[in-house]
Amino acid sequence: KINGGIDYLADNALHTWEASGNVDASYNDNRNTVITNAVNFLQTADNYDFSNRDMRARDFSLSTFHDFKLKKDSWNMTLKPQFSYNKKRDNDETVAATFYEEMQGVDKEMVRSIYTLSDSELRRALINRNLKNLESNSHGYDAKFNGETRVKIPGSPDAMVFKLQSKYSRSSSFSEELQDICFGEVPSSSQLQHQFTTERPHYSFNIQALARYYFRVPIGNLQASYEFAHTQTRKNSDITALEAFAENSMAEFTPGMIPVPDFANSYTSKLYKNEHRIKIKWAYKKKYERGKLELALQPQFYFEDQHLFYHRGETFATPDRAYLRFRLEDCSVFWDAKNWFLRASYKIDQTAVNLVNLVDVRNTSDPLNIWVGNPDLKNSTTHTVNLTFRHAPDKKLSQYVSFHAVFKDNDFVSGYRYDSRTGVRTMKTYNISGNNNMDLYHSIYYRFGPSDAFNISNFISGAISNYSNMIGYDADPAPQKVRNYALQEDIGLGYRTEKCLLSVNGGIDVNNTHSAGVLPTRLNNGVWFGRLYGHVALPFNFRVDSEFRIMKRYGCIDESMNTTDCVWNATLGYEINKGVWRISLDAKDILNQNKGFNYTVN
């Protein structure tokens, strides 16, 4: 990564105006490899995915930002223009396979040469093998402008605020993708696709205007604002492709073939949206002899009017929708006493349907994941509940408890019909309820010993998550549910003085996942961990920081990921002129064992 730029700041003696900003340029060259092992919960028989993705992304960007402020006795003004340009070049290679059975020790070279290996066990369990190479080039720019004026009302504590925001984005890209797909052990059939995609111009324009009035009411403070937002977006995607098919052998391109337009997957999309927003914010604060009370209520009303013009192949669609959307940004009660506090809040939000998903089209640009529209979609609603409690009777002891829950009605999910013979998913967006999650967290911290130099701490949390979807196994999609339980525990002991900090802690992170559908599938996954940390101030202004961690993973689908890793980081520092200057030498992952690991359920 290379980065450089210029910052500036100018001010006058009376501080009635100020100007600041920057010009920044950067270049990034990132290489990344992601290996994924996954189990797909299906109605009749689960399957298992392996993929190895090697990526390289080169990105150049140039940006500038400026902030101009005028400050007067009765009004002030802020102007913030900014502009950015970026150019990207990406290389992406994916080697993937889907199996009927759980396979161990699979790597990308085995998948790439699966039809020539002597290991017939892999081929017998194979549903499909997919080799994909993608190269893309893109460039674009963004221009933004924000302006704000605040005016005091003469002879009144009231005030008014006016805002204007605008944004324009434009981009173009070209990509070339080669995809080689084989089905079955023989292979029973195969498909070779060479695809060229040109997307230009993609642009979006947004402008927002806001007027807000601050005024006092007999109880509390009240803000009322009106906002208007207009958005335009346009996308143009043109695809040309070379395709070859074969039965019981590998597909090949024949001499003389030339790319032909793929009219069924090329499209033009234009969206126009107008939003009228009314926002009200009421806040009440009052001090009592035993504590302080705060109340808040923030209802918001959105009237949205959307119009879409969509053309794909022989499909011409013009869906539009006008509706009133309600949002409760905050409804909360907060009580703060001398040594404890309690806060409870509730939020509700509605998410509008993406009009493109309402168009009844069939997207086959990815042969393994075919997308179709759903004209029957409805808006979704999300409810959020938060409870927080803290108790600190003295400086030695403190504890904290929190509860968080999210409930979704008519959530948008990407369900699909699964073809067990080929592994092809015909995907569609559905409305479904039941994607809910709850978590509870508790921490306690206690100091003891001479000068309270020692401390002991414990952090524990538990979560329950429900994932609902629509999945069909060689049949029409039906509701499918997966539930995940998570438990985290971390206990530690520490010692702290003016020149020394030492700590040791350990714990466990456990996940239990099972399908609530037809199959009684169950997965158990977790990590045991321990950590030693030390910070010591040495003579002559030197200091040493060192951290040693050990992690033992278990329950991964691929046994090669169930490893025990040790990570050691250390820093040697030196301070000059009482800390005004600091020089440090960092050593990261001295043992060269650090591995990234993610466990997700969706």
# chains A, B, ... in the order shown; residues from 1 in each chain; ligands from 1
$ residues_around --residues "A:Gly506" --least-positions-apart "2" --cutoff "9 Å" --atoms "only C-alpha atoms" --output "list in words"
Glu489, Asp490, Ile491, Gly492, Val504, Ile508, Trp528, Phe529, Gly530, Arg531 and Leu532 of chain A
$ residues_around --residues "stretch 455-464 of chain A" --least-positions-apart "2" --cutoff "6 Å" --atoms "only C-alpha atoms" --output "list in words"
Asn437, Met438, Asp439, Leu440, Tyr441, His442, Ser443, Ile444, Tyr445, Tyr446, Arg447, Asn484, Tyr485, Ala486, Leu487, Gln488, Glu489, Asp490, Ile491, Gly492, Leu493 and Gly494 of chain A
$ write_last_selection --atoms "N, CA, C and O atoms" --output "mmCIF file, in the first residue's frame"
data_model
loop_
_atom_site.group_PDB
_atom_site.id
_atom_site.type_symbol
_atom_site.label_atom_id
_atom_site.label_comp_id
_atom_site.auth_asym_id
_atom_site.auth_seq_id
_atom_site.Cartn_x
_atom_site.Cartn_y
_atom_site.Cartn_z
ATOM 1 N N ASN A 437 -33.095 -13.291 16.366
ATOM 2 C CA ASN A 437 -31.938 -13.625 17.183
ATOM 3 C C ASN A 437 -31.993 -12.864 18.500
ATOM 4 O O ASN A 437 -32.527 -11.750 18.572
ATOM 5 N N MET A 438 -31.442 -13.483 19.534
ATOM 6 C CA MET A 438 -31.378 -12.895 20.876
ATOM 7 C C MET A 438 -30.019 -13.201 21.479
ATOM 8 O O MET A 438 -29.468 -14.280 21.267
ATOM 9 N N ASP A 439 -29.467 -12.249 22.242
ATOM 10 C CA ASP A 439 -28.218 -12.516 22.940
ATOM 11 C C ASP A 439 -28.228 -11.833 24.301
ATOM 12 O O ASP A 439 -28.828 -10.761 24.477
ATOM 13 N N LEU A 440 -27.570 -12.463 25.252
ATOM 14 C CA LEU A 440 -27.467 -11.976 26.628
ATOM 15 C C LEU A 440 -26.000 -11.954 27.016
ATOM 16 O O LEU A 440 -25.268 -12.919 26.784
ATOM 17 N N TYR A 441 -25.568 -10.835 27.621
ATOM 18 C CA TYR A 441 -24.154 -10.639 27.949
ATOM 19 C C TYR A 441 -24.031 -10.196 29.398
ATOM 20 O O TYR A 441 -24.827 -9.387 29.890
ATOM 21 N N HIS A 442 -23.020 -10.740 30.098
ATOM 22 C CA HIS A 442 -22.764 -10.350 31.490
ATOM 23 C C HIS A 442 -21.255 -10.267 31.714
ATOM 24 O O HIS A 442 -20.493 -11.142 31.281
ATOM 25 N N SER A 443 -20.809 -9.206 32.370
ATOM 26 C CA SER A 443 -19.396 -9.061 32.717
ATOM 27 C C SER A 443 -19.288 -8.591 34.160
ATOM 28 O O SER A 443 -20.153 -7.864 34.667
ATOM 29 N N ILE A 444 -18.220 -9.020 34.820
ATOM 30 C CA ILE A 444 -17.947 -8.600 36.187
ATOM 31 C C ILE A 444 -16.444 -8.371 36.326
ATOM 32 O O ILE A 444 -15.638 -9.107 35.745
ATOM 33 N N TYR A 445 -16.094 -7.329 37.075
ATOM 34 C CA TYR A 445 -14.693 -6.919 37.223
ATOM 35 C C TYR A 445 -14.471 -6.554 38.680
ATOM 36 O O TYR A 445 -15.237 -5.777 39.266
ATOM 37 N N TYR A 446 -13.415 -7.116 39.286
ATOM 38 C CA TYR A 446 -13.172 -6.881 40.717
ATOM 39 C C TYR A 446 -11.685 -6.642 40.959
ATOM 40 O O TYR A 446 -10.830 -7.382 40.454
ATOM 41 N N ARG A 447 -11.370 -5.574 41.706
ATOM 42 C CA ARG A 447 -9.999 -5.246 42.089
ATOM 43 C C ARG A 447 -9.753 -5.656 43.539
ATOM 44 O O ARG A 447 -10.639 -5.514 44.382
ATOM 45 N N ASN A 484 -29.029 -21.768 15.637
ATOM 46 C CA ASN A 484 -27.652 -21.753 16.104
ATOM 47 C C ASN A 484 -27.599 -21.257 17.546
ATOM 48 O O ASN A 484 -28.197 -20.231 17.890
ATOM 49 N N TYR A 485 -26.879 -22.012 18.391
ATOM 50 C CA TYR A 485 -26.624 -21.610 19.779
ATOM 51 C C TYR A 485 -25.142 -21.262 19.900
ATOM 52 O O TYR A 485 -24.283 -21.994 19.412
ATOM 53 N N ALA A 486 -24.855 -20.152 20.558
ATOM 54 C CA ALA A 486 -23.471 -19.723 20.736
ATOM 55 C C ALA A 486 -23.230 -19.372 22.198
ATOM 56 O O ALA A 486 -24.071 -18.756 22.847
ATOM 57 N N LEU A 487 -22.076 -19.783 22.716
ATOM 58 C CA LEU A 487 -21.696 -19.485 24.091
ATOM 59 C C LEU A 487 -20.236 -19.071 24.115
ATOM 60 O O LEU A 487 -19.381 -19.742 23.529
ATOM 61 N N GLN A 488 -19.941 -17.948 24.769
ATOM 62 C CA GLN A 488 -18.579 -17.452 24.908
ATOM 63 C C GLN A 488 -18.284 -17.201 26.379
ATOM 64 O O GLN A 488 -19.104 -16.612 27.093
ATOM 65 N N GLU A 489 -17.124 -17.653 26.810
ATOM 66 C CA GLU A 489 -16.687 -17.473 28.196
ATOM 67 C C GLU A 489 -15.223 -17.052 28.203
ATOM 68 O O GLU A 489 -14.395 -17.636 27.501
ATOM 69 N N ASP A 490 -14.912 -16.015 28.985
ATOM 70 C CA ASP A 490 -13.544 -15.504 29.067
ATOM 71 C C ASP A 490 -13.296 -15.078 30.505
ATOM 72 O O ASP A 490 -13.969 -14.177 31.025
ATOM 73 N N ILE A 491 -12.351 -15.722 31.183
ATOM 74 C CA ILE A 491 -12.011 -15.390 32.561
ATOM 75 C C ILE A 491 -10.538 -15.022 32.626
ATOM 76 O O ILE A 491 -9.703 -15.633 31.942
ATOM 77 N N GLY A 492 -10.215 -13.968 33.405
ATOM 78 C CA GLY A 492 -8.837 -13.495 33.410
ATOM 79 C C GLY A 492 -8.394 -12.983 34.772
ATOM 80 O O GLY A 492 -9.204 -12.627 35.639
ATOM 81 N N LEU A 493 -7.083 -12.943 34.942
ATOM 82 C CA LEU A 493 -6.447 -12.424 36.149
ATOM 83 C C LEU A 493 -5.366 -11.442 35.717
ATOM 84 O O LEU A 493 -4.591 -11.734 34.805
ATOM 85 N N GLY A 494 -5.321 -10.257 36.370
ATOM 86 C CA GLY A 494 -4.370 -9.245 35.964
ATOM 87 C C GLY A 494 -3.663 -8.589 37.131
ATOM 88 O O GLY A 494 -4.119 -8.650 38.285
#
$ residues_around --residues "stretch 68-77 of chain A" --least-positions-apart "6" --cutoff "9 Å" --atoms "only C-alpha atoms" --output "list in words"
His15, Thr16, Trp17, Glu18, Ala19, Ser20, Gly21, Gly147, Glu148, Thr149, Arg150, Val151, Lys152, Ile153 and Pro154 of chain A
$ select_by_dssp --residues "stretch 90-321 of chain A" --states "alpha helix (DSSP H)" --output "list in words"
Lys108, Glu109, Met110, Val111, Arg112, Ser120, Glu121, Leu122, Arg123 and Arg124 of chain A
$ closest_atom_pairs --of "stretch 348-395 of chain A" --to "stretch 301-312 of chain A" --cutoff "9 Å" --atoms "only C-alpha atoms" --output "tab-separated table"
residue	atom	partner	partner_atom	distance
A:Leu355	CA	A:Leu308	CA	6.8
A:Val356	CA	A:Leu308	CA	7.7
A:Val359	CA	A:Tyr310	CA	8.0
A:Val361	CA	A:Arg312	CA	7.7
$ closest_residue --among "A:Asn592, A:Ser332, A:Ser468, A:Ser26" --to "A:Ser414" --atoms "only C-alpha atoms"
A:Ser468
$ residues_around --residues "A:Ile278" --least-positions-apart "3" --cutoff "6 Å" --atoms "only C-alpha atoms" --output "ChimeraX atom specification"
/A:225-226,300-301
$ write_last_selection --atoms "C-alpha atoms" --output "mmCIF file, in the first residue's frame"
data_model
loop_
_atom_site.group_PDB
_atom_site.id
_atom_site.type_symbol
_atom_site.label_atom_id
_atom_site.label_comp_id
_atom_site.auth_asym_id
_atom_site.auth_seq_id
_atom_site.Cartn_x
_atom_site.Cartn_y
_atom_site.Cartn_z
ATOM 1 C CA SER A 225 -37.982 18.374 10.255
ATOM 2 C CA TYR A 226 -39.084 17.852 6.690
ATOM 3 C CA GLN A 300 -40.435 9.085 11.382
ATOM 4 C CA PHE A 301 -42.811 8.918 8.418
#
$ select_by_dssp --residues "stretch 21-195 of chain A" --states "strand (DSSP E)" --output "ChimeraX atom specification"
/A:21-40,47-71,75-99,126-152,159-183,189-195
$ closest_residue --among "A:Ser237, A:Gly184, A:Ser118, A:Gly4" --to "A:Ser420" --atoms "only C-alpha atoms"
A:Gly184
$ closest_atom_pairs --of "stretch 121-236 of chain A" --to "stretch 291-299 of chain A" --cutoff "10 Å" --atoms "only C-alpha atoms" --output "tab-separated table"
residue	atom	partner	partner_atom	distance
A:Gly220	CA	A:Leu295	CA	8.9
A:Asn221	CA	A:Ala296	CA	9.8
A:Leu222	CA	A:Leu297	CA	9.7
A:Gln223	CA	A:Gln298	CA	9.4
A:Ala224	CA	A:Gln298	CA	9.9
$ write_last_selection --atoms "C-alpha atoms" --output "PDB file, in the first residue's frame"
ATOM      1  CA  GLY A 220     -38.678  18.564  27.133  1.00  0.00           C
ATOM      2  CA  ASN A 221     -37.231  19.643  23.788  1.00  0.00           C
ATOM      3  CA  LEU A 222     -38.816  19.035  20.399  1.00  0.00           C
ATOM      4  CA  GLN A 223     -37.357  18.938  16.887  1.00  0.00           C
ATOM      5  CA  ALA A 224     -39.429  18.662  13.738  1.00  0.00           C
TER       6      ALA A 224
END
$ atom_distance --atom1 "atom CA of A:Gln195" --atom2 "atom CA of A:Met427"
21.0 Å
$ closest_residue --among "A:Asn128, A:Ser451, A:Ser120, A:Ser136" --to "A:Asp92" --atoms "only C-alpha atoms"
A:Ser136
